[in-house]
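Data block for query11.pdb (PDB, C-alpha atoms):
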ATOM      1  CA  MET V 130      10.585 -20.432 -12.104
ATOM      2  CA  PRO V 131       8.644 -19.338 -15.212
ATOM      3  CA  PRO V 132       7.178 -15.833 -15.440
ATOM      4  CA  TYR V 133       3.601 -15.754 -14.247
ATOM      5  CA  THR V 134       0.636 -15.108 -16.513
ATOM      6  CA  ALA V 135      -2.963 -14.780 -15.395
ATOM      7  CA  THR V 136      -3.534 -18.350 -16.651
ATOM      8  CA  SER V 137      -0.611 -19.853 -14.723
ATOM      9  CA  LEU V 138      -1.530 -17.859 -11.608
ATOM     10  CA  LYS V 139      -5.116 -19.099 -11.860
ATOM     11  CA  ALA V 140      -3.959 -22.715 -12.181
ATOM     12  CA  GLU V 141      -1.629 -22.436  -9.188
ATOM     13  CA  LEU V 142      -4.227 -20.677  -7.031
ATOM     14  CA  ASN V 143      -6.850 -23.304  -7.946
ATOM     15  CA  ALA V 144      -4.406 -26.104  -7.084
ATOM     16  CA  ARG V 145      -4.044 -24.565  -3.623
ATOM     17  CA  GLY V 146      -7.783 -24.036  -3.136
ATOM     18  CA  TRP V 147      -7.863 -20.303  -3.901
ATOM     19  CA  ARG V 148      -9.387 -18.299  -6.743
ATOM     20  CA  LEU V 149      -7.939 -15.836  -9.219
ATOM     21  CA  THR V 150     -10.016 -12.824  -8.280
ATOM     22  CA  PRO V 151     -10.176  -9.737 -10.518
ATOM     23  CA  GLN V 152      -8.241  -7.898  -7.790
ATOM     24  CA  ARG V 153      -5.376 -10.429  -7.796
ATOM     25  CA  GLU V 154      -5.242 -10.323 -11.583
ATOM     26  CA  LYS V 155      -5.026  -6.497 -11.563
ATOM     27  CA  ILE V 156      -2.247  -6.597  -8.954
ATOM     28  CA  LEU V 157      -0.312  -9.150 -11.036
ATOM     29  CA  HIS V 158      -0.771  -6.920 -14.099
ATOM     30  CA  VAL V 159       0.736  -3.916 -12.270
ATOM     31  CA  PHE V 160       3.842  -5.895 -11.292
ATOM     32  CA  GLN V 161       4.180  -7.433 -14.768
ATOM     33  CA  ASN V 162       4.244  -3.923 -16.267
ATOM     34  CA  LEU V 163       6.402  -2.286 -13.605
ATOM     35  CA  PRO V 164       9.696  -1.139 -15.140
ATOM     36  CA  ARG V 165      12.637  -3.318 -14.099
ATOM     37  CA  GLY V 166      14.324  -1.925 -11.006
ATOM     38  CA  ASN V 167      11.152  -0.443  -9.523
ATOM     39  CA  HIS V 168       9.642  -1.724  -6.308
ATOM     40  CA  LEU V 169       6.268  -0.894  -4.778
ATOM     41  CA  SER V 170       5.066  -0.902  -1.200
ATOM     42  CA  ALA V 171       1.484  -1.985  -0.549
ATOM     43  CA  GLU V 172       0.602   1.677   0.003
ATOM     44  CA  GLU V 173       2.181   2.732  -3.305
ATOM     45  CA  LEU V 174       0.350  -0.085  -5.086
ATOM     46  CA  TYR V 175      -2.900   1.068  -3.469
ATOM     47  CA  SER V 176      -2.303   4.674  -4.612
ATOM     48  CA  LEU V 177      -1.473   3.516  -8.133
ATOM     49  CA  LEU V 178      -4.640   1.410  -8.363
ATOM     50  CA  GLU V 179      -6.721   4.151  -6.746
ATOM     51  CA  GLN V 180      -5.517   6.650  -9.386
ATOM     52  CA  ARG V 181      -6.642   4.171 -12.039
ATOM     53  CA  GLU V 182     -10.004   3.906 -10.217
ATOM     54  CA  GLU V 183      -9.691   0.136  -9.748
ATOM     55  CA  GLY V 184     -11.550   0.108  -6.415
ATOM     56  CA  ILE V 185      -9.299  -2.336  -4.536
ATOM     57  CA  SER V 186      -9.070  -1.852  -0.773
ATOM     58  CA  LEU V 187      -5.745  -1.534   1.028
ATOM     59  CA  SER V 188      -6.522  -4.630   3.116
ATOM     60  CA  THR V 189      -7.120  -6.668  -0.065
ATOM     61  CA  ILE V 190      -3.793  -5.425  -1.424
ATOM     62  CA  TYR V 191      -1.973  -6.409   1.784
ATOM     63  CA  ARG V 192      -3.505  -9.902   1.720
ATOM     64  CA  SER V 193      -2.835 -10.347  -2.009
ATOM     65  CA  VAL V 194       0.814  -9.274  -1.990
ATOM     66  CA  LYS V 195       1.446 -11.450   1.071
ATOM     67  CA  LEU V 196      -0.163 -14.454  -0.662
ATOM     68  CA  MET V 197       1.683 -13.806  -3.923
ATOM     69  CA  SER V 198       4.948 -13.531  -1.976
ATOM     70  CA  ARG V 199       4.364 -16.848  -0.199
ATOM     71  CA  MET V 200       3.646 -18.430  -3.596
ATOM     72  CA  GLY V 201       6.923 -17.060  -4.997
ATOM     73  CA  ILE V 202       5.276 -14.791  -7.570
ATOM     74  CA  LEU V 203       6.428 -11.602  -5.846
ATOM     75  CA  ARG V 204       9.604 -10.935  -3.883
ATOM     76  CA  GLU V 205       9.080  -9.261  -0.529
ATOM     77  CA  LEU V 206      11.924  -6.804   0.063
ATOM     78  CA  GLU V 207      13.097  -5.137   3.266
ATOM     79  CA  LEU V 208      14.558  -1.877   2.028
ATOM     80  CA  ALA V 209      15.601   1.159   4.090
ATOM     81  CA  GLU V 210      12.192   2.813   4.364
ATOM     82  CA  GLY V 211      10.851   0.812   7.287
ATOM     83  CA  HIS V 212       8.184  -1.068   5.325
ATOM     84  CA  LYS V 213       8.127  -3.896   2.826
ATOM     85  CA  HIS V 214       8.377  -3.425  -0.922
ATOM     86  CA  TYR V 215       7.468  -5.902  -3.620
ATOM     87  CA  GLU V 216       8.646  -6.743  -7.111
ATOM     88  CA  LEU V 217       7.925  -9.531  -9.566
ATOM     89  CA  ASN V 218      10.077 -12.549  -8.745
ATOM     90  CA  GLN V 219      12.174 -13.054 -11.861
ATOM     91  CA  PRO V 220      13.787 -16.389 -12.721
ATOM     92  CA  TYR V 221      17.518 -16.788 -13.249
ATOM     93  CA  PRO V 222      19.332 -15.000 -15.008
ATOM     94  CA  HIS V 223      17.305 -11.966 -13.891
ATOM     95  CA  HIS V 224      17.997 -12.749 -10.231
ATOM     96  CA  HIS V 225      19.461  -9.754  -8.420
ATOM     97  CA  HIS V 226      20.304  -8.207  -5.062
ATOM     98  CA  HIS V 227      20.103  -4.655  -3.697
ATOM     99  CA  LEU V 228      22.385  -1.898  -2.424
ATOM    100  CA  VAL V 229      20.295   0.532  -0.362
ATOM    101  CA  CYS V 230      21.392   3.926   0.960
ATOM    102  CA  ILE V 231      19.956   4.296   4.460
ATOM    103  CA  GLN V 232      20.101   8.100   4.146
ATOM    104  CA  CYS V 233      18.229   8.745   0.879
ATOM    105  CA  ASN V 234      16.726   5.250   0.217
ATOM    106  CA  LYS V 235      18.331   5.072  -3.232
ATOM    107  CA  THR V 236      18.276   1.429  -4.296
ATOM    108  CA  ILE V 237      20.627  -0.083  -6.851
ATOM    109  CA  GLU V 238      20.190  -3.610  -8.148
ATOM    110  CA  PHE V 239      23.211  -5.806  -8.770
ATOM    111  CA  LYS V 240      23.831  -9.362  -9.914
ATOM    112  CA  ASN V 241      26.124 -11.839  -8.230
ATOM    113  CA  ASP V 242      25.821 -15.478  -9.213
ATOM    114  CA  SER V 243      28.083 -16.679  -6.404
ATOM    115  CA  ILE V 244      25.500 -15.609  -3.780
ATOM    116  CA  LEU V 245      22.822 -17.683  -5.501
ATOM    117  CA  LYS V 246      25.169 -20.637  -6.061
ATOM    118  CA  GLN V 247      26.227 -20.663  -2.398
ATOM    119  CA  SER V 248      22.583 -20.474  -1.305
ATOM    120  CA  LEU V 249      21.641 -23.384  -3.561
ATOM    121  CA  LYS V 250      24.582 -25.412  -2.253
ATOM    122  CA  GLN V 251      23.585 -24.763   1.367
ATOM    123  CA  CYS V 252      19.924 -25.615   0.685
ATOM    124  CA  GLU V 253      20.925 -28.868  -0.994
ATOM    125  CA  LYS V 254      23.205 -29.773   1.927
ATOM    126  CA  GLU V 255      20.386 -29.187   4.454
ATOM    127  CA  GLY V 256      17.588 -30.682   2.317
ATOM    128  CA  PHE V 257      15.797 -27.348   1.877
ATOM    129  CA  GLN V 258      14.144 -26.062  -1.303
ATOM    130  CA  LEU V 259      15.212 -22.553  -2.328
ATOM    131  CA  ILE V 260      12.274 -20.207  -2.924
ATOM    132  CA  ASP V 261      14.128 -16.907  -3.066
ATOM    133  CA  CYS V 262      17.633 -15.647  -2.516
ATOM    134  CA  GLN V 263      18.146 -11.979  -1.834
ATOM    135  CA  LEU V 264      20.884  -9.946  -0.302
ATOM    136  CA  THR V 265      20.195  -6.371   0.773
ATOM    137  CA  VAL V 266      23.335  -4.418   1.551
ATOM    138  CA  MET V 267      22.641  -1.336   3.677
ATOM    139  CA  THR V 268      24.943   1.488   2.581
ATOM    140  CA  ILE V 269      25.599   5.217   2.553
ATOM    141  CA  CYS V 270      25.701   6.624  -0.982
ATOM    142  CA  PRO V 271      28.764   8.570  -2.188
ATOM    143  CA  GLU V 272      26.880  11.884  -2.267
ATOM    144  CA  ALA V 273      25.772  11.568   1.365
ATOM    145  CA  LEU V 274      29.362  10.795   2.352
ATOM    146  CA  ARG V 275      30.629  13.848   0.424
ATOM    147  CA  MET V 276      27.983  15.998   2.136
ATOM    148  CA  GLY V 277      29.310  14.969   5.560
ATOM    149  CA  TRP V 278      27.015  12.136   6.580
ATOM    150  CA  PRO V 279      25.850  11.749   9.317
ATOM    151  CA  SER V 280      26.589  14.924  11.230
ATOM    152  CA  THR V 281      25.841  17.665   8.683
ATOM    153  CA  LEU V 282      22.839  16.299   6.787
ATOM    154  CA  PRO V 283      19.218  17.146   7.631
ATOM    155  CA  SER V 284      17.055  14.060   8.186
ATOM    156  CA  ASN V 285      14.916  14.782   5.092
ATOM    157  CA  TRP V 286      17.898  15.157   2.705
ATOM    158  CA  SER V 287      17.962  13.130  -0.532
ATOM    159  CA  CYS V 288      20.868  12.866  -2.908
ATOM    160  CA  THR V 289      20.458  14.487  -6.316
ATOM    161  CA  ARG V 290      20.872  11.131  -8.070
ATOM    162  CA  ALA V 291      17.917   9.663  -6.173
ATOM    163  CA  ILE V 292      15.819  12.687  -7.070
ATOM    164  CA  SER V 293      16.831  12.795 -10.752
ATOM    165  CA  GLU V 294      16.587   9.013 -11.309
ATOM    166  CA  GLY V 295      13.609   8.423  -9.052
ATOM    167  CA  LYS V 296      10.292   7.783 -10.699
ATOM    168  CA  THR V 297       7.300   9.302  -9.060
ATOM    169  CA  LEU V 298       4.115   7.352  -8.624
ATOM    170  CA  LYS V 299       2.507   9.687 -11.151
ATOM    171  CA  SER V 300       5.143   8.851 -13.798
ATOM    172  CA  LEU V 301       4.659   5.100 -13.184
ATOM    173  CA  VAL V 302       0.891   5.488 -13.686
ATOM    174  CA  ALA V 303       1.471   7.441 -16.917
ATOM    175  CA  GLU V 304       3.936   4.822 -18.223
ATOM    176  CA  ASP V 305       1.516   1.998 -17.420
ATOM    177  CA  GLU V 306      -1.364   3.786 -19.167
ATOM    178  CA  ASP V 307       0.815   4.396 -22.240
ATOM    179  CA  LYS V 308       1.435   0.637 -22.530
ATOM    180  CA  GLU V 309      -2.288  -0.192 -22.619
TER     181      GLU V 309
END
Go through the file and emit its structure as structure tokens.
Amino acid sequence: MPPYTATSLKAELNARGWRLTPQREKILHVFQNLPRGNHLSAEELYSLLEQREEGISLSTIYRSVKLMSRMGILRELELAEGHKHYELNQPYPHHHHHLVCIQCNKTIEFKNDSILKQSLKQCEKEGFQLIDCQLTVMTICPEALRMGWPSTLPSNWSCTRAISEGKTLKSLVAEDEDKE
């Protein structure tokens, strides 16, 4: 699957009877410029666009990310936070999976070609067409284990690695503005 541009998204939307609205184009732009390894929920995307004064409603964002996920442009991810996250769907060899700590929500991406190969083999056998292949492994990070998970950790605890490596929404906005 080739990376999406506004032109290719417009062509695909038109072929399916939809339009490339300015809102959809802005949402695509955010995901195209999101640093690799970052994922956004619809609410985080809304906050990011609101800080940039884009004027896109949360309901429009929900509809757009759902549509772009069904089209294969975005990957819809079920991480440990109880709501969906999204990232740009990257073609092979950028295909990856996720390790997620259920205590601190730290997410680590990893590659494993055998998962994709097995999925392709199974799809071929059953006559299916593969749209996405993702494995999310729910884990407990080493720091939480060292701290005595689950009995001695407060529910709002986060490991120091998640805090030090985590990018805040504000830092993502600043990075995106620096690129423009």
Please provide the set of residues having any atom within 6 Å of stretch 192-206 of chain V, restricted to only C-alpha atoms, with same-chain residues fewer than 2 positions apart removed, written as an NGL selection string. :V and (189-190 or 208 or 213-218)
With 8 Å added on each side, what axis-aligned box encloses every listed atom of stretch 187-203 of chain V? Give the centre and edge lengths in Å to one decimal, as AutoDock Vina command-line options.
--center_x -0.1 --center_y -10.0 --center_z -2.2 --size_x 30.0 --size_y 32.9 --size_z 26.7
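Applied to the file shown here, the PyMOL selection byres ((chain V and resi 134-142) around 10) selects V:Pro131, V:Pro132, V:Tyr133, V:Asn143, V:Ala144, V:Arg145, V:Gly146, V:Trp147, V:Arg148, V:Leu149, V:Thr150, V:Arg153, V:Glu154, V:Lys155, V:Leu157, V:His158, V:Gln161, V:Leu196, V:Met197, V:Met200, V:Ile202.
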Excluding same-chain residues fewer than 6 positions from V:Trp278, what lies within 10 Å of it counting all atoms listed in the file, as a list in words? Gln232, Ile269, Cys270, Pro271 and Glu272 of chain V
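When atom CA of V:Gln219 is paired with atom CA of V:Met267, their separation reads 22.1 Å.
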Residues matched by the PyMOL selection byres ((chain V and resi 285) around 12), written as a list in words: Ile231, Gln232, Cys233, Asn234, Ala273, Thr281, Leu282, Pro283, Ser284, Trp286, Ser287 and Cys288 of chain V
Next, the residues of the selection above should be written as a CSV table (one decimal), keeping the file's coordinate frame with C-alpha atoms.
chain,number,residue,atom,x,y,z
V,231,ILE,CA,20.0,4.3,4.5
V,232,GLN,CA,20.1,8.1,4.1
V,233,CYS,CA,18.2,8.7,0.9
V,234,ASN,CA,16.7,5.2,0.2
V,273,ALA,CA,25.8,11.6,1.4
V,281,THR,CA,25.8,17.7,8.7
V,282,LEU,CA,22.8,16.3,6.8
V,283,PRO,CA,19.2,17.1,7.6
V,284,SER,CA,17.1,14.1,8.2
V,286,TRP,CA,17.9,15.2,2.7
V,287,SER,CA,18.0,13.1,-0.5
V,288,CYS,CA,20.9,12.9,-2.9
So how many Å separate atom CA of V:Phe160 and atom CA of V:Cys262, to one decimal? 19.0 Å
Quick check on the file I pasted: which residues fall under the PyMOL selection byres ((chain V and resi 186) around 12)? Write them as a PyMOL selection string. chain V and resi 152-153+156+171-172+174-179+182-185+187-193
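Each of V:His212, V:Lys235, V:Lys250, V:His224 was compared to V:Arg165 using all atoms listed in the file, and V:His224 turns out to be the nearest.
Our summary of the geometry notes that atom CA of V:Thr265 is positioned 16.2 Å from atom CA of V:Ser170.
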